[in-house]
Protein chains: 2
Amino acid sequence: MNERREAPVRVALLGCGTVGSEVTRRLLGDADELAARIGAPVELAGIAVRRPDKHPELPQHLLTADAGELVESDVDVVIELIGGIEPVRGWLLTALRKGKSVVTGNKALLAEHGAELAAAAGESGADLYYEAAVAGAIPLLRPLRESLAGDRITRVMGIVNGTTNFILSAMDSTGASYAETLDEATRLGYAEADPSADVDGYDAASKAAILASLAFHTRVTASDVHREGITGISASDIVAAKRLNRTVKLLAICERVTAGEGADGTESVSARVHPVMIPRNHQLAGVGGAFNAVYVEAEAAGELMFYGQGAGGAPTASAVLGDFVAAARNRVAGGRGPRESAHAALPVRPMGQTPTRYHISLDVADKPGVLAQIAQVFAVHGVSIAAVRQRDKHSTASLVVVTHLAPDAALQATVSEISKLDVVREVVSVMRVEGEDS
Amino acid sequence: MNERREAPVRVALLGCGTVGSEVTRRLLGDADELAARIGAPVELAGIAVRRPDKHPELPQHLLTADAGELVESDVDVVIELIGGIEPVRGWLLTALRKGKSVVTGNKALLAEHGAELAAAAGESGADLYYEAAVAGAIPLLRPLRESLAGDRITRVMGIVNGTTNFILSAMDSTGASYAETLDEATRLGYAEADPSADVDGYDAASKAAILASLAFHTRVTASDVHREGITGISASDIVAAKRLNRTVKLLAICERVTAGEGADGTESVSARVHPVMIPRNHQLAGVGGAFNAVYVEAEAAGELMFYGQGAGGAPTASAVLGDFVAAARNRVAGGRGPRESAHAALPVRPMGQTPTRYHISLDVADKPGVLAQIAQVFAVHGVSIAAVRQRDKHSTASLVVVTHLAPDAALQATVSEISKLDVVREVVSVMRVEGEDS
């Protein structure tokens, strides 16, 4: 039942790096298969690259250095794989306003200007798809946006940055320091020369903003996301985690939070990226190297998990081409993909008010009354202690405290005050905890 | 940007058991939220149940015993949760031919008459969605059909039947027999009074047919699926698996098989359901109780995994309502979901030609030359042995053979011939193996 029409779907490709060249290869090489799935032939109308003379491997007649002109030409779909905010934002807005559908993996742009792009798409009736922006090959955004559209998502939590996951996995298995492991990751190509976007959590924060926006039908931008990277993680943090049969992961956590009871409760959402200690038998603990995995909890569906490759040319191209087929098919068959929906417009709860749990390792003076003094500080801040473990070593004792859920600000204040106590020699490690009963 | 229109989307519900009552509850209770996502209000036009007088909990004015009349009335979307082939097939064909979109979780009907339903939908332009038919709440069909539409899926393998997974998990942990465990599962409500659809693999085979059809763009029906249930699994099979650090799962396995080299290779597909021995550290081995998990391998995406609840009222309702929102939104915004595409029309390879690996446990006479005789039988059938393990016990020896990949028929013939050797006292266990390097 493939209704082929003669007019091809014309596609412009902006950017031709690792992902773009894989997309090009498949657009050209799998043309028949794609045409059968779309219902019309596909024509690659042009590829915009900064320096056409640097791409002898590509069909020369398709190359242009003028992305703006290509976008304005007679194309139906624009695939953008350049990245960054400007000048890409302008090109994509132009495309959408002229009714051309856009497929992009540009998480930074979406996390900052998603509303503007969605509005432009909404007005012209064009499609805006971006499965590749989060978790590479893993079909995650379409399930959130479509499969769970009749459910209420309460939580999205996962490993969405492969570089930091590679570094933390390696620190866990080798015991090496952060600096040594970063060097190794850079040497192996897992980290960029300037690793800040990854290790400082910017990349994961953009993804958290996109996930929270889709999951909660609420516009969340990157600046709404509380962000802590992994540069402060020490070998002793990893050791402290291991001692408790836990491991450290950088997680993106998006939650729907209800304060108060029942229908009177005020709902808000929270989105954060920070290192987290999780039990070693937690499913996310086993996600190693550059893989990504994301948990989704919804009222009716319960707990779901999605796992796969989060980056790389071919995996990311899979996501891009899935979106392209959807956008192209909509043009052939009529209709359009689901609109962005920010109708819930829930307030974003600041990190300080977000309930979290802490794991705190202290070196304290080995004398009576120390625990009482420390426990008193927790009590003053209204933080309830879940477990305490104490161990002597020479003239100091090691004390480990795990708390119950409390507002993050109360936990921060508790740690700050404890660190000033005379009986506390050193705050060895402070880390949030997830994945256990509170 | 919610363009509300006055005209509501009218929906008919056929069947109101566990899933249906959860769907009703959410259609009525979450009406505002659903309306915001759809862009129009939703009106539940009627609920067809066999005995309206048996449903005092439902709004009485909505109830009817005449499903056929309800389908023909002025409704936009029909949600079918009755199950079985007739008379449901006729009602859904009527609905689709009249341009009404259909959401169903009826795997038996889809696996047998999917082509007819898809053709009816294709002709009238109605949508046919059935996410709930496979793996309950897990968003799996939409990712296969849409997210991976630009990729080439090579393999889908997973646990898609909760009843058999519950029984096998329990046999593994308690060491009890199949019969005892089935009784317990029935008592706990995990197995039906007549468990045949589950334990004989019919349910999983229907799901395998649906998965293979979507994954390979090829019409695969339930009768194309090689099917073996779990009724033959003995406590000693489980012990044999444990001894090798493996466990037994009932898997649905759909594969794209290429015979010959490169572009000249002839492609076919294979779909099968049977018990499989997998390593205990395999991700599917950890999937316990009534949970489902499905691996998908695609050329570009690589390996993906989807995990979640495979059955139950609320989880299944999540999948049904996701489909309903999609169908309703298409009616409001114009357009339609992706068509079924069987354009690849690959031949289905019979089980005998499908490459598999066997694990064979034998009790053999404890004398010289036995292994040579047995190995000779493998050689005659062209089956290559990957590993042999031998162990004495009294006058017999226990011999375990794991093969490399070979056509299933050759493996069957090998086992049959070996069982007739004088030196073989008993074929203790024969099981296929997955999830290890071949």
# chains A, B, ... in the order shown; residues from 1 in each chain; ligands from 1
$ residues_around --residues "Phe216 (chain B)" --least-positions-apart "3" --cutoff "8 Å" --atoms "only C-alpha atoms" --output "ChimeraX atom specification"
/B:152-154,212-213,256,269,342,344,346
$ interface_residues --of "chain A" --to "chain B" --cutoff "6 Å" --atoms "only C-alpha atoms" --output "JSON, numbers by chain"
{"A": [137, 139, 143, 147, 148, 149, 150, 151, 300, 301, 303, 304, 305, 306, 307, 308, 314, 315, 318, 321, 322, 334, 335]}
$ residues_around --residues "Cys16 (chain B)" --least-positions-apart "6" --cutoff "9 Å" --atoms "only C-alpha atoms" --output "ChimeraX atom specification"
/B:22-24,47-49,55,81-82
$ residues_around --residues "Val239 (chain A)" --least-positions-apart "6" --cutoff "9 Å" --atoms "only C-alpha atoms" --output "mmCIF file with N, CA, C and O atoms, in the first residue's frame"
data_model
loop_
_atom_site.group_PDB
_atom_site.id
_atom_site.type_symbol
_atom_site.label_atom_id
_atom_site.label_comp_id
_atom_site.auth_asym_id
_atom_site.auth_seq_id
_atom_site.Cartn_x
_atom_site.Cartn_y
_atom_site.Cartn_z
ATOM 1 N N ASP A 172 35.764 4.380 39.058
ATOM 2 C CA ASP A 172 35.258 3.317 39.928
ATOM 3 C C ASP A 172 36.080 2.038 39.761
ATOM 4 O O ASP A 172 36.384 1.359 40.738
ATOM 5 N N GLY A 175 40.250 3.242 40.447
ATOM 6 C CA GLY A 175 40.627 3.964 41.655
ATOM 7 C C GLY A 175 41.456 5.208 41.364
ATOM 8 O O GLY A 175 41.927 5.883 42.274
ATOM 9 N N THR A 247 27.903 3.170 43.974
ATOM 10 C CA THR A 247 28.775 3.761 42.978
ATOM 11 C C THR A 247 28.259 5.157 42.647
ATOM 12 O O THR A 247 27.135 5.504 43.008
#
$ atom_distance --atom1 "CA of Ala406 (chain B)" --atom2 "CA of Pro355 (chain B)"
4.9 Å
$ residues_around --residues "Ala45 (chain B)" --least-positions-apart "5" --cutoff "12 Å" --atoms "only C-alpha atoms" --output "number ranges by chain"
B: 8-14, 24, 27-28, 59-64, 67, 69-79
